[in-house]
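Here is the file my_file-v3.cif (mmCIF, C-alpha atoms and all ligand atoms).
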```
data_start
#
loop_
_atom_site.label_atom_id
_atom_site.label_comp_id
_atom_site.auth_asym_id
_atom_site.auth_seq_id
_atom_site.Cartn_x
_atom_site.Cartn_y
_atom_site.Cartn_z
CA MET C 394 -22.52 -11.47 24.67
CA TYR C 395 -25.26 -9.18 25.96
CA GLU C 396 -28.92 -9.25 25.12
CA GLY C 397 -30.57 -7.67 22.09
CA ILE C 398 -30.11 -3.95 21.65
CA VAL C 399 -27.27 -3.59 24.16
CA GLN C 400 -25.22 -5.98 22.05
CA ASP C 401 -26.36 -4.16 18.90
CA LEU C 402 -25.00 -0.93 20.38
CA ILE C 403 -21.68 -2.57 21.26
CA ASP C 404 -21.45 -4.00 17.74
CA GLU C 405 -22.15 -0.62 16.12
CA LEU C 406 -19.60 1.17 18.30
CA GLY C 407 -17.07 -1.56 17.57
CA ARG C 408 -17.28 -0.74 13.86
CA LEU C 409 -15.88 2.77 14.45
CA PRO C 410 -12.22 3.28 13.56
CA GLY C 411 -9.87 2.75 16.47
CA VAL C 412 -12.54 1.23 18.73
CA GLY C 413 -11.90 -2.37 19.74
CA PRO C 414 -14.41 -4.71 21.41
CA LYS C 415 -13.31 -3.70 24.93
CA SER C 416 -13.60 0.03 24.24
CA ALA C 417 -16.96 -0.52 22.53
CA GLN C 418 -18.26 -2.21 25.65
CA ARG C 419 -16.93 0.58 27.87
CA ILE C 420 -18.52 3.31 25.72
CA ALA C 421 -21.82 1.39 25.59
CA PHE C 422 -22.06 1.14 29.38
CA HIS C 423 -21.04 4.77 29.73
CA LEU C 424 -23.97 5.71 27.47
CA LEU C 425 -26.38 3.46 29.39
CA ALA C 426 -25.42 5.16 32.67
CA ALA C 427 -25.39 8.73 31.29
CA GLU C 428 -28.19 11.30 31.60
CA PRO C 429 -30.84 10.75 28.88
CA SER C 430 -30.51 14.40 27.76
CA ASP C 431 -26.76 14.00 27.14
CA VAL C 432 -27.25 10.88 25.06
CA LEU C 433 -30.13 12.42 23.08
CA ARG C 434 -27.96 15.45 22.29
CA LEU C 435 -25.33 13.09 20.85
CA ALA C 436 -27.98 11.24 18.85
CA GLU C 437 -29.35 14.54 17.53
CA ILE C 438 -25.92 15.83 16.45
CA LEU C 439 -25.23 12.54 14.65
CA ARG C 440 -28.51 12.86 12.79
CA GLU C 441 -27.88 16.52 11.97
CA VAL C 442 -24.33 15.98 10.76
CA LYS C 443 -25.47 13.25 8.37
CA ALA C 444 -28.33 15.45 7.11
CA LYS C 445 -26.36 18.69 6.67
CA VAL C 446 -22.74 17.87 5.96
CA ARG C 447 -21.70 16.80 2.50
CA PHE C 448 -18.62 17.01 0.34
CA CYS C 449 -17.64 20.14 -1.54
CA ARG C 450 -18.40 19.70 -5.25
CA ILE C 451 -15.15 21.46 -6.16
CA CYS C 452 -12.53 20.09 -3.79
CA GLY C 453 -14.11 17.18 -1.88
CA ASN C 454 -13.62 18.82 1.52
CA VAL C 455 -16.46 18.59 4.05
CA ALA C 456 -18.99 21.34 3.46
CA GLU C 457 -22.32 22.56 4.79
CA SER C 458 -23.47 23.73 1.36
CA GLU C 459 -22.62 22.87 -2.25
CA GLU C 460 -19.14 24.28 -1.74
CA CYS C 461 -16.86 24.32 1.28
CA ARG C 462 -15.75 27.34 3.29
CA VAL C 463 -12.38 27.51 1.51
CA CYS C 464 -13.80 27.30 -2.00
CA LEU C 465 -16.42 29.95 -1.19
CA ASP C 466 -13.76 32.37 0.07
CA THR C 467 -13.09 34.81 -2.80
CA ARG C 468 -9.76 35.92 -1.32
CA ARG C 469 -8.16 32.48 -1.91
CA ASP C 470 -5.59 32.18 -4.68
CA LEU C 471 -7.15 30.25 -7.57
CA THR C 472 -3.82 29.45 -9.21
CA VAL C 473 -2.57 27.05 -6.52
CA ILE C 474 -4.00 23.71 -5.42
CA CYS C 475 -2.77 21.75 -2.41
CA VAL C 476 -3.58 18.03 -2.79
CA VAL C 477 -4.31 16.15 0.44
CA GLU C 478 -5.61 12.70 1.30
CA GLU C 479 -8.41 13.49 3.76
CA PRO C 480 -10.52 16.45 4.93
CA LYS C 481 -8.67 16.36 8.26
CA ASP C 482 -5.48 17.22 6.37
CA VAL C 483 -7.17 20.44 5.14
CA VAL C 484 -7.68 21.37 8.79
CA ALA C 485 -4.01 20.61 9.55
CA VAL C 486 -2.70 22.76 6.67
CA GLU C 487 -5.15 25.58 7.46
CA ARG C 488 -3.76 25.69 11.02
CA THR C 489 -0.33 26.65 9.63
CA ARG C 490 -1.78 29.83 8.00
CA GLU C 491 0.94 29.37 5.37
CA PHE C 492 -1.28 28.44 2.46
CA ARG C 493 -3.65 30.79 0.62
CA GLY C 494 -4.71 28.63 -2.30
CA ARG C 495 -7.42 26.00 -2.57
CA TYR C 496 -7.40 22.29 -1.81
CA HIS C 497 -8.15 19.02 -3.51
CA VAL C 498 -9.10 16.10 -1.26
CA LEU C 499 -8.32 12.71 -2.84
CA GLY C 500 -10.24 10.61 -0.34
CA GLY C 501 -7.25 8.41 0.54
CA ALA C 502 -4.00 7.16 -0.97
CA ILE C 503 -3.20 4.60 -3.65
CA SER C 504 -2.90 1.24 -1.91
CA PRO C 505 -2.88 -1.72 -4.32
CA ILE C 506 -2.70 -4.26 -1.49
CA GLU C 507 -6.09 -2.95 -0.30
CA GLY C 508 -7.30 -2.93 -3.89
CA ILE C 509 -7.32 0.90 -4.02
CA GLY C 510 -6.06 2.32 -7.32
CA PRO C 511 -6.16 5.83 -8.86
CA ASP C 512 -9.71 5.26 -10.14
CA ASP C 513 -10.94 4.81 -6.58
CA LEU C 514 -9.71 8.29 -5.60
CA ARG C 515 -10.77 11.76 -6.80
CA VAL C 516 -8.01 11.87 -9.41
CA LYS C 517 -10.26 12.39 -12.44
CA GLU C 518 -11.87 15.34 -10.63
CA LEU C 519 -8.41 16.84 -10.08
CA MET C 520 -7.57 16.53 -13.78
CA THR C 521 -10.86 18.25 -14.64
CA ARG C 522 -9.96 21.15 -12.34
CA LEU C 523 -6.56 21.50 -14.00
CA ALA C 524 -7.91 21.39 -17.54
CA ASP C 525 -8.75 25.10 -18.08
CA GLY C 526 -5.24 26.35 -17.23
CA THR C 527 -6.17 28.59 -14.27
CA VAL C 528 -4.11 26.50 -11.88
CA THR C 529 -0.37 26.87 -12.38
CA GLU C 530 0.98 25.29 -9.21
CA LEU C 531 0.29 22.01 -7.48
CA ILE C 532 1.49 21.18 -3.97
CA LEU C 533 1.39 17.46 -3.17
CA ALA C 534 0.72 17.18 0.55
CA THR C 535 -0.08 13.48 0.82
CA ASP C 536 1.11 11.70 3.97
CA PRO C 537 4.87 11.25 4.42
CA ASN C 538 4.54 7.46 4.40
CA LEU C 539 5.01 4.90 1.67
CA GLU C 540 1.50 5.11 0.22
CA GLY C 541 1.47 8.89 0.38
CA GLU C 542 4.84 9.06 -1.41
CA ALA C 543 3.70 6.63 -4.09
CA THR C 544 0.48 8.62 -4.60
CA ALA C 545 2.52 11.82 -5.01
CA THR C 546 4.81 10.03 -7.49
CA TYR C 547 1.79 8.91 -9.51
CA LEU C 548 0.22 12.39 -9.59
CA ALA C 549 3.50 14.10 -10.48
CA ARG C 550 3.90 11.77 -13.47
CA LEU C 551 0.27 12.25 -14.48
CA VAL C 552 0.37 16.07 -14.58
CA LYS C 553 3.88 16.32 -16.02
CA PRO C 554 2.69 17.04 -19.60
CA MET C 555 0.67 20.02 -18.30
CA GLY C 556 3.80 21.97 -17.37
CA LEU C 557 2.67 23.01 -13.88
CA THR C 558 4.98 23.84 -11.01
CA VAL C 559 4.74 20.71 -8.86
CA SER C 560 6.18 20.46 -5.38
CA ARG C 561 6.08 17.97 -2.53
CA LEU C 562 6.01 18.96 1.13
CA ALA C 563 9.49 18.67 2.64
CA SER C 564 10.10 15.68 4.88
CA GLY C 565 12.36 16.39 7.72
CA LEU C 566 13.16 16.75 11.32
CA PRO C 567 10.61 17.54 13.98
CA VAL C 568 11.07 21.09 15.21
CA GLY C 569 12.33 21.24 18.79
CA GLY C 570 14.10 17.89 18.70
CA ASP C 571 17.73 16.80 18.88
CA LEU C 572 19.43 15.60 15.70
CA GLU C 573 20.88 12.50 17.35
CA TYR C 574 17.38 11.17 18.07
CA ALA C 575 16.28 11.25 14.45
CA ASP C 576 16.00 7.89 12.72
CA GLU C 577 18.24 7.38 9.66
CA ILE C 578 15.35 7.39 7.17
CA THR C 579 13.92 10.71 8.32
CA LEU C 580 17.41 12.22 8.56
CA GLY C 581 18.19 10.93 5.04
CA ARG C 582 15.05 12.63 3.69
CA ALA C 583 15.98 15.83 5.46
CA PHE C 584 19.36 15.73 3.69
CA GLU C 585 17.73 15.17 0.31
CA GLY C 586 15.36 18.06 0.87
CA ARG C 587 17.90 20.52 2.32
CA ARG C 588 17.67 24.13 1.17
CA SER C 589 20.30 26.77 0.69
CA LEU C 590 20.66 29.52 3.25
CA GLU C 591 20.80 33.08 1.98
CA VAL C 592 23.13 34.96 4.27
CA MET T 489 10.05 -17.49 23.79
CA SER T 490 9.13 -14.19 25.36
CA LEU T 491 11.65 -12.16 23.32
CA TYR T 492 12.88 -13.15 19.90
CA ARG T 493 14.84 -11.40 17.19
CA ASP T 494 15.08 -11.95 13.44
CA ASP T 495 15.58 -10.32 10.05
CA GLY T 496 12.41 -9.65 8.13
CA VAL T 497 10.60 -7.72 5.41
CA VAL T 498 7.53 -5.65 6.28
CA LEU T 499 4.68 -6.87 4.05
CA ARG T 500 1.75 -4.82 5.24
CA THR T 501 0.79 -2.27 7.87
CA GLN T 502 -2.66 -1.52 9.25
CA LYS T 503 -3.72 1.30 11.55
CA LEU T 504 -4.63 0.30 15.08
CA GLY T 505 -6.19 2.68 17.58
CA GLU T 506 -4.88 6.24 17.82
CA ALA T 507 -1.20 5.87 17.06
CA ASP T 508 -0.32 2.17 16.70
CA ARG T 509 0.02 -0.08 13.70
CA ILE T 510 -0.28 -3.80 13.17
CA VAL T 511 2.68 -4.81 11.00
CA THR T 512 2.94 -8.07 9.09
CA VAL T 513 6.57 -9.14 8.73
CA LEU T 514 7.98 -12.08 6.77
CA THR T 515 10.95 -13.17 8.90
CA ARG T 516 13.85 -15.39 7.96
CA ASN T 517 13.38 -18.01 10.70
CA TYR T 518 9.91 -17.53 12.17
CA GLY T 519 7.90 -17.20 8.99
CA ARG T 520 5.15 -14.61 8.84
CA VAL T 521 4.60 -12.67 12.07
CA ARG T 522 1.88 -10.15 12.90
CA ALA T 523 2.84 -7.73 15.63
CA VAL T 524 1.89 -4.35 17.08
CA GLY T 525 4.17 -1.36 16.59
CA LYS T 526 3.24 0.93 19.47
CA GLY T 527 3.06 4.65 18.83
CA VAL T 528 4.64 4.30 15.38
CA ARG T 529 2.27 6.77 13.72
CA ARG T 530 3.46 9.63 15.91
CA THR T 531 6.02 11.83 14.20
CA SER T 532 8.22 11.42 17.29
CA SER T 533 8.36 7.63 16.87
CA LYS T 534 11.81 6.13 16.32
CA PHE T 535 10.27 3.04 14.72
CA GLY T 536 7.71 4.56 12.39
CA ALA T 537 9.96 5.18 9.41
CA ARG T 538 11.54 1.73 9.73
CA LEU T 539 8.26 -0.17 9.83
CA GLU T 540 6.91 0.74 6.42
CA PRO T 541 6.11 -1.83 3.73
CA PHE T 542 9.25 -2.93 1.79
CA SER T 543 11.53 -2.22 4.80
CA HIS T 544 14.15 -4.90 5.35
CA VAL T 545 14.77 -4.83 9.07
CA ASP T 546 16.41 -6.50 12.02
CA VAL T 547 13.54 -6.64 14.47
CA GLN T 548 12.93 -7.81 18.02
CA PHE T 549 9.50 -9.02 19.13
CA TYR T 550 7.97 -9.67 22.49
CA THR T 551 5.50 -12.56 22.54
CA GLY T 552 2.14 -11.10 23.51
CA ARG T 553 -1.11 -12.79 24.47
CA SER T 554 -2.88 -12.28 21.15
CA LEU T 555 -0.45 -10.28 19.00
CA ASP T 556 3.30 -9.98 19.48
CA ILE T 557 4.79 -6.57 20.12
CA VAL T 558 7.68 -4.92 18.28
CA THR T 559 10.25 -3.82 20.84
CA GLN T 560 13.22 -2.85 18.64
CA VAL T 561 13.83 -2.23 14.95
CA GLU T 562 17.03 -1.56 13.05
CA SER T 563 17.04 -0.83 9.35
CA LEU T 564 18.97 -3.23 7.09
CA ASP T 565 17.81 -1.81 3.76
CA ALA T 566 15.13 0.82 3.26
CA TYR T 567 13.85 -0.23 -0.17
CA GLY T 568 10.71 1.86 0.29
CA GLY T 569 12.19 5.19 -0.83
CA SER T 570 13.42 3.99 -4.21
CA ILE T 571 10.28 1.91 -4.75
CA ALA T 572 7.75 4.60 -3.84
CA GLY T 573 9.58 7.08 -6.08
CA ASP T 574 8.65 5.06 -9.17
CA TYR T 575 5.02 4.11 -9.70
CA GLY T 576 5.80 1.01 -11.79
CA ARG T 577 8.11 -0.31 -9.07
CA TYR T 578 5.61 0.52 -6.34
CA THR T 579 2.75 -1.40 -7.93
CA ALA T 580 4.96 -4.36 -8.97
CA GLY T 581 6.52 -4.45 -5.49
CA THR T 582 3.14 -4.35 -3.76
CA ALA T 583 2.04 -7.38 -5.80
CA MET T 584 5.21 -9.15 -4.59
CA LEU T 585 4.41 -8.35 -0.94
CA GLU T 586 0.83 -9.55 -1.33
CA THR T 587 2.04 -12.78 -2.96
CA ALA T 588 4.53 -13.42 -0.15
CA GLU T 589 1.76 -12.89 2.39
CA ARG T 590 -0.59 -15.28 0.57
CA LEU T 591 2.03 -18.00 0.11
CA THR T 592 2.84 -17.98 3.83
CA ASP T 593 -0.72 -18.37 5.04
CA VAL T 594 0.14 -20.07 8.33
CA GLU T 595 1.60 -17.67 10.88
CA LYS T 596 5.03 -18.49 12.31
CA GLU T 597 5.60 -21.42 9.99
CA PRO T 598 9.21 -21.06 8.80
CA ALA T 599 9.46 -20.12 5.10
CA VAL T 600 13.11 -19.27 4.62
CA GLN T 601 13.09 -19.80 0.82
CA GLN T 602 10.13 -17.46 0.41
CA TYR T 603 11.95 -14.92 2.58
CA LEU T 604 15.14 -15.12 0.50
CA LEU T 605 13.23 -14.86 -2.77
CA LEU T 606 11.38 -11.78 -1.58
CA VAL T 607 14.54 -10.03 -0.36
CA GLY T 608 16.25 -10.80 -3.67
CA GLY T 609 13.26 -9.57 -5.64
CA LEU T 610 12.95 -6.31 -3.72
CA ARG T 611 16.68 -5.67 -4.02
CA ALA T 612 16.45 -6.09 -7.81
CA LEU T 613 13.36 -3.89 -7.94
CA ALA T 614 14.95 -1.09 -5.90
CA ALA T 615 18.17 -1.24 -7.94
CA GLY T 616 16.19 -0.78 -11.16
CA ASP T 617 18.47 -3.04 -13.24
CA HIS T 618 15.52 -4.69 -15.00
CA ALA T 619 11.97 -3.65 -15.89
CA ALA T 620 9.81 -3.70 -12.75
CA GLY T 621 7.17 -5.85 -14.43
CA ALA T 622 9.77 -8.49 -15.37
CA VAL T 623 11.13 -8.59 -11.80
CA LEU T 624 7.56 -9.19 -10.62
CA ASP T 625 6.93 -11.93 -13.20
CA ALA T 626 10.17 -13.73 -12.27
CA TYR T 627 9.29 -13.46 -8.59
CA LEU T 628 5.76 -14.82 -9.14
CA LEU T 629 6.98 -17.86 -11.09
CA ARG T 630 9.70 -18.64 -8.55
CA SER T 631 7.68 -18.09 -5.39
CA LEU T 632 4.90 -20.27 -6.81
CA ALA T 633 7.51 -22.93 -7.65
CA VAL T 634 8.80 -22.84 -4.05
CA ALA T 635 5.19 -23.21 -2.88
CA GLY T 636 4.87 -26.38 -4.98
CA TYR T 637 3.32 -24.91 -8.12
CA ALA T 638 6.28 -25.00 -10.50
CA ALA T 639 5.20 -24.20 -14.04
CA SER T 640 6.63 -26.18 -16.95
CA PHE T 641 7.54 -24.35 -20.16
CA GLY T 642 9.10 -27.29 -21.96
CA ASP T 643 7.87 -30.87 -22.01
CA CYS T 644 4.16 -31.70 -21.93
CA THR T 645 2.99 -31.70 -18.31
CA ARG T 646 0.60 -34.58 -19.09
CA CYS T 647 2.64 -37.12 -21.11
CA GLY T 648 6.17 -35.76 -20.95
CA ALA T 649 6.52 -35.44 -24.73
CA PRO T 650 9.55 -33.20 -25.34
CA GLY T 651 8.71 -29.53 -26.02
CA PRO T 652 8.40 -26.85 -27.02
CA HIS T 653 4.64 -27.17 -27.48
CA ARG T 654 2.22 -24.65 -28.91
CA TRP T 655 -0.36 -25.01 -26.13
CA PHE T 656 -0.38 -23.85 -22.55
CA SER T 657 -2.84 -24.84 -19.85
CA VAL T 658 -2.87 -23.05 -16.51
CA GLU T 659 -4.84 -25.86 -14.84
CA SER T 660 -2.39 -28.48 -16.09
CA GLY T 661 0.61 -26.53 -14.79
CA GLY T 662 2.16 -25.45 -18.06
CA SER T 663 2.92 -26.63 -21.58
CA VAL T 664 0.74 -29.37 -23.08
CA CYS T 665 1.07 -31.30 -26.35
CA ARG T 666 -1.55 -31.40 -29.12
CA ASP T 667 -3.01 -34.72 -27.91
CA ASP T 668 -3.24 -33.82 -24.23
CA ARG T 669 -4.38 -30.21 -24.41
CA PRO T 670 -7.55 -29.71 -22.35
CA PRO T 671 -10.38 -27.63 -23.83
CA GLY T 672 -9.68 -23.93 -23.38
CA SER T 673 -5.88 -24.22 -23.57
CA ALA T 674 -4.19 -21.08 -24.87
CA THR T 675 -1.74 -21.10 -27.73
CA ILE T 676 1.60 -19.54 -27.03
CA ASN T 677 4.49 -18.33 -29.12
CA GLU T 678 7.75 -20.26 -28.87
CA GLU T 679 9.67 -17.04 -28.13
CA SER T 680 7.35 -16.32 -25.19
CA LEU T 681 8.09 -19.79 -23.83
CA ARG T 682 11.78 -18.92 -23.98
CA VAL T 683 11.11 -15.69 -22.03
CA LEU T 684 9.05 -17.58 -19.44
CA SER T 685 11.80 -20.17 -18.92
CA ALA T 686 14.33 -17.36 -18.57
CA LEU T 687 12.13 -15.61 -15.98
CA LEU T 688 11.90 -18.83 -13.99
CA THR T 689 15.62 -19.57 -14.10
CA GLY T 690 16.81 -15.97 -13.83
CA ASP T 691 18.43 -15.71 -17.26
CA TRP T 692 18.16 -11.92 -17.39
CA GLU T 693 20.09 -11.54 -20.62
CA ILE T 694 17.22 -13.20 -22.48
CA VAL T 695 14.54 -11.31 -20.53
CA ASP T 696 16.12 -7.86 -20.89
CA GLY T 697 16.67 -8.36 -24.60
CA ALA T 698 13.25 -9.84 -25.37
CA ASP T 699 10.83 -8.27 -27.85
CA PRO T 700 8.06 -6.38 -25.96
CA ARG T 701 5.46 -8.48 -27.81
CA PHE T 702 6.71 -11.69 -26.17
CA LEU T 703 7.22 -10.01 -22.81
CA ARG T 704 3.57 -8.97 -22.89
CA GLU T 705 2.45 -12.49 -23.76
CA SER T 706 4.62 -13.91 -20.95
CA THR T 707 3.15 -11.45 -18.48
CA GLY T 708 -0.35 -12.56 -19.42
CA VAL T 709 0.59 -16.20 -18.84
CA VAL T 710 2.24 -15.43 -15.48
CA ALA T 711 -0.77 -13.41 -14.31
CA ALA T 712 -3.22 -16.16 -15.27
CA TYR T 713 -1.01 -18.75 -13.63
CA ALA T 714 -0.69 -16.76 -10.37
CA GLN T 715 -4.40 -15.92 -10.20
CA TRP T 716 -5.26 -19.60 -10.71
CA HIS T 717 -2.96 -20.89 -7.97
CA LEU T 718 -3.60 -18.14 -5.42
CA GLU T 719 -7.19 -18.66 -4.41
CA ARG T 720 -9.28 -15.49 -4.42
CA GLY T 721 -6.61 -13.93 -6.66
CA LEU T 722 -4.31 -11.02 -5.88
CA ARG T 723 -5.94 -7.63 -5.35
CA SER T 724 -2.88 -5.71 -6.40
CA LEU T 725 -2.19 -7.52 -9.67
CA ARG T 726 -4.75 -5.60 -11.75
CA LEU T 727 -3.20 -2.34 -10.52
CA VAL T 728 0.34 -3.13 -11.66
CA ASP T 729 1.52 -0.29 -13.89
CA ARG T 730 3.60 -1.54 -16.81
CA ALA T 731 3.72 1.72 -18.74
ZN ZN O 801 -14.08 23.06 -1.51
#
```
Show me, as structure tokens, the structure contained in the file I just sent.
Ligand SMILES: [Zn+2]
Amino acid sequence: MYEGIVQDLIDELGRLPGVGPKSAQRIAFHLLAAEPSDVLRLAEILREVKAKVRFCRICGNVAESEECRVCLDTRRDLTVICVVEEPKDVVAVERTREFRGRYHVLGGAISPIEGIGPDDLRVKELMTRLADGTVTELILATDPNLEGEATATYLARLVKPMGLTVSRLASGLPVGGDLEYADEITLGRAFEGRRSLEV
Amino acid sequence: MSLYRDDGVVLRTQKLGEADRIVTVLTRNYGRVRAVGKGVRRTSSKFGARLEPFSHVDVQFYTGRSLDIVTQVESLDAYGGSIAGDYGRYTAGTAMLETAERLTDVEKEPAVQQYLLLVGGLRALAAGDHAAGAVLDAYLLRSLAVAGYAASFGDCTRCGAPGPHRWFSVESGGSVCRDDRPPGSATINEESLRVLSALLTGDWEIVDGADPRFLRESTGVVAAYAQWHLERGLRSLRLVDRA
């Protein structure tokens, strides 16, 4: 244990995701040794980001105004929504340049063991967006793990009566790899999700 | 014991650092083990898909200083796919995993009966032969019985007077007669008692053919019984989807 505010700093850093007690201590001493101007710049950006950044009132993505960059873009296709768990997933899908619709950020996945159910996510907001009939297609891009799959299953069942086109991102083999190195679960999914080749 | 190997069921996973996960596994011989799966969140990981909740695996651990480390995993049954593809099964199954974790609260204390019950329960859930909620209820009653909290649905738990009795008391451990019923005992239908006994003994013919009214009443009793005996209650139980 260190004295007073040094320990407070270590404790605060240790609350960040992925930072254990050892890393927290290392970062704290790095900050103590760094140039004051560098540390103040970090402090200032932290303050600014909390003051300026909020969540888009339409999709829940991070935004610097009422609505996010994607929702403000009039060229986006209003008939398609891609549902993701976190704002960082919006960034990942945007990088592909494959998708021209809008997003809906749930804020996580359904995880009963953590006490997180549908009411703890932005599911009601999604249903409100679908209510007026503009959206005709829903792409479920939750994580390809158990909770992400279960969340997609739940949403697919929920919107079924609305008659939308609902799809799930394909699970499959990493591009550039060898088939023999794929585990049986991933390979099994790739088989299930195979597509026909038009020759 | 620097390296050890066992069959197990993954109960829970938690993110650790950039790409690792802490996995909680209920093993056949070593009880509940918490271990680190290194790099399993990378898409290139060979382990990642096998170390998801509900996975029944053959796993090798290395004894670490604080947490053990997963060094090899082979899949025995991947129940996750069939369970995550049905929301009722997913929520019922998660309540089973949480119960198994809570009933094995001491790490590495052998709990072979709990392990076998869980594997049997997940297999039934994944196969979809019975309603997911009924598989959960049967599992709850049986795992609590193995843990020393066997419920009685026949004779009075206080005086032994032969049942069936109209009253049920969670604190008393089951059925109670008119004279012994504590204040606040619930009344229960005789048919529901029959369903509850069948859930406990695995008489699926009775359970599958039961009137939904009595199944619902049985579920209420099982939930109250489980919440009473598992201190702090189960987080996942209120989220079980029985639609
Ligand atoms: Zn937006």
**OP:** Please write out the residues within 6 Å of ligand ZN 801 (chain O) as a PyMOL selection string, counting all atoms listed in the file.
**Re:** chain C and resi 449+451-454+460-461+463-464
Residues just named, written with C-alpha atoms as an mmCIF file, in the coordinates of the input:
```cif
data_model
loop_
_atom_site.group_PDB
_atom_site.id
_atom_site.type_symbol
_atom_site.label_atom_id
_atom_site.label_comp_id
_atom_site.auth_asym_id
_atom_site.auth_seq_id
_atom_site.Cartn_x
_atom_site.Cartn_y
_atom_site.Cartn_z
ATOM 1 C CA CYS C 449 -17.640 20.140 -1.540
ATOM 2 C CA ILE C 451 -15.150 21.460 -6.160
ATOM 3 C CA CYS C 452 -12.530 20.090 -3.790
ATOM 4 C CA GLY C 453 -14.110 17.180 -1.880
ATOM 5 C CA ASN C 454 -13.620 18.820 1.520
ATOM 6 C CA GLU C 460 -19.140 24.280 -1.740
ATOM 7 C CA CYS C 461 -16.860 24.320 1.280
ATOM 8 C CA VAL C 463 -12.380 27.510 1.510
ATOM 9 C CA CYS C 464 -13.800 27.300 -2.000
#
```
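Note that the spacing between CA of Arg493 (chain T) and CA of Thr551 (chain T) amounts to 10.8 Å.
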Subject >> Nearest residue to chain C from the set T:Arg682, T:Lys534, T:Arg704, T:Arg509 (distances using all atoms listed in the file) >> reply: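 The answer is T:Lys534, which sits nearest to chain C.
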Original post:
Do you have the CA of Arg669 (chain T)-CA of Tyr713 (chain T) distance handy?
Top reply: 16.1 Å
Write out, as a Markdown table, each residue of chain C that has an atom at most 12 Å from chain T, together with the closest pair of atoms and their distance in Å to one decimal, counting only C-alpha atoms, rows going by chain and rising number.
```
| residue | atom | partner | partner_atom | distance |
| --- | --- | --- | --- | --- |
| C:Gly407 | CA | T:Gly505 | CA | 11.7 |
| C:Leu409 | CA | T:Gly505 | CA | 10.2 |
| C:Pro410 | CA | T:Gly505 | CA | 7.3 |
| C:Gly411 | CA | T:Gly505 | CA | 3.8 |
| C:Val412 | CA | T:Gly505 | CA | 6.6 |
| C:Gly413 | CA | T:Gly505 | CA | 7.9 |
| C:Pro414 | CA | T:Gly505 | CA | 11.7 |
| C:Ser416 | CA | T:Gly505 | CA | 10.3 |
| C:Ile503 | CA | T:Thr579 | CA | 9.5 |
| C:Ser504 | CA | T:Ser724 | CA | 8.3 |
| C:Pro505 | CA | T:Ser724 | CA | 4.5 |
| C:Ile506 | CA | T:Ser724 | CA | 5.1 |
| C:Glu507 | CA | T:Arg723 | CA | 6.9 |
| C:Gly508 | CA | T:Arg723 | CA | 5.1 |
| C:Ile509 | CA | T:Ser724 | CA | 8.3 |
| C:Gly510 | CA | T:Leu727 | CA | 6.3 |
| C:Pro511 | CA | T:Leu727 | CA | 8.8 |
| C:Asp512 | CA | T:Leu727 | CA | 10.0 |
| C:Asp513 | CA | T:Leu727 | CA | 11.2 |
| C:Asp536 | CA | T:Arg529 | CA | 11.0 |
| C:Pro537 | CA | T:Ala537 | CA | 9.4 |
| C:Asn538 | CA | T:Glu540 | CA | 7.4 |
| C:Leu539 | CA | T:Ala572 | CA | 6.2 |
| C:Glu540 | CA | T:Ala572 | CA | 7.5 |
| C:Gly541 | CA | T:Ala572 | CA | 8.7 |
| C:Glu542 | CA | T:Ala572 | CA | 5.9 |
| C:Ala543 | CA | T:Ala572 | CA | 4.5 |
| C:Thr544 | CA | T:Tyr575 | CA | 8.2 |
| C:Ala545 | CA | T:Gly573 | CA | 8.6 |
| C:Thr546 | CA | T:Gly573 | CA | 5.8 |
| C:Tyr547 | CA | T:Tyr575 | CA | 5.8 |
| C:Leu548 | CA | T:Tyr575 | CA | 9.6 |
| C:Ala549 | CA | T:Tyr575 | CA | 10.1 |
| C:Arg550 | CA | T:Tyr575 | CA | 8.6 |
| C:Leu551 | CA | T:Tyr575 | CA | 10.6 |
| C:Arg561 | CA | T:Gly573 | CA | 12.0 |
| C:Ser564 | CA | T:Thr531 | CA | 10.9 |
| C:Gly565 | CA | T:Thr531 | CA | 10.1 |
| C:Leu566 | CA | T:Thr531 | CA | 9.1 |
| C:Pro567 | CA | T:Thr531 | CA | 7.3 |
| C:Val568 | CA | T:Ser532 | CA | 10.3 |
| C:Gly569 | CA | T:Ser532 | CA | 10.8 |
| C:Gly570 | CA | T:Ser532 | CA | 8.9 |
| C:Asp571 | CA | T:Ser532 | CA | 11.0 |
| C:Glu573 | CA | T:Lys534 | CA | 11.1 |
| C:Tyr574 | CA | T:Lys534 | CA | 7.7 |
| C:Ala575 | CA | T:Lys534 | CA | 7.0 |
| C:Asp576 | CA | T:Lys534 | CA | 5.8 |
| C:Glu577 | CA | T:Ser563 | CA | 8.3 |
| C:Ile578 | CA | T:Ala537 | CA | 6.2 |
| C:Thr579 | CA | T:Ala537 | CA | 6.9 |
| C:Leu580 | CA | T:Ala537 | CA | 10.3 |
| C:Gly581 | CA | T:Gly569 | CA | 10.2 |
| C:Arg582 | CA | T:Gly569 | CA | 9.2 |
| C:Glu585 | CA | T:Gly569 | CA | 11.5 |
```
**OP:** Calculate how many Å separate CA of Val600 (chain T) from CA of Ser640 (chain T), rounding to one decimal.
**Re:** 23.6 Å
Original post:
Out of T:Cys647, T:Leu681, T:Ala698, T:Leu703, which residue has the shortest atom-to-atom distance to Asp668 (chain T) when counting all atoms listed in the file?
Top reply: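 When distances to Asp668 (chain T) are compared using all atoms listed in the file, the smallest one comes from T:Cys647.
Residues in contact range of Ile420 (chain C), defined as at most 9 Å between only C-alpha atoms, with sequence neighbours fewer than 4 positions away removed, read Ile403, Leu406, Lys415, Ser416, Leu424 and Leu425 of chain C.
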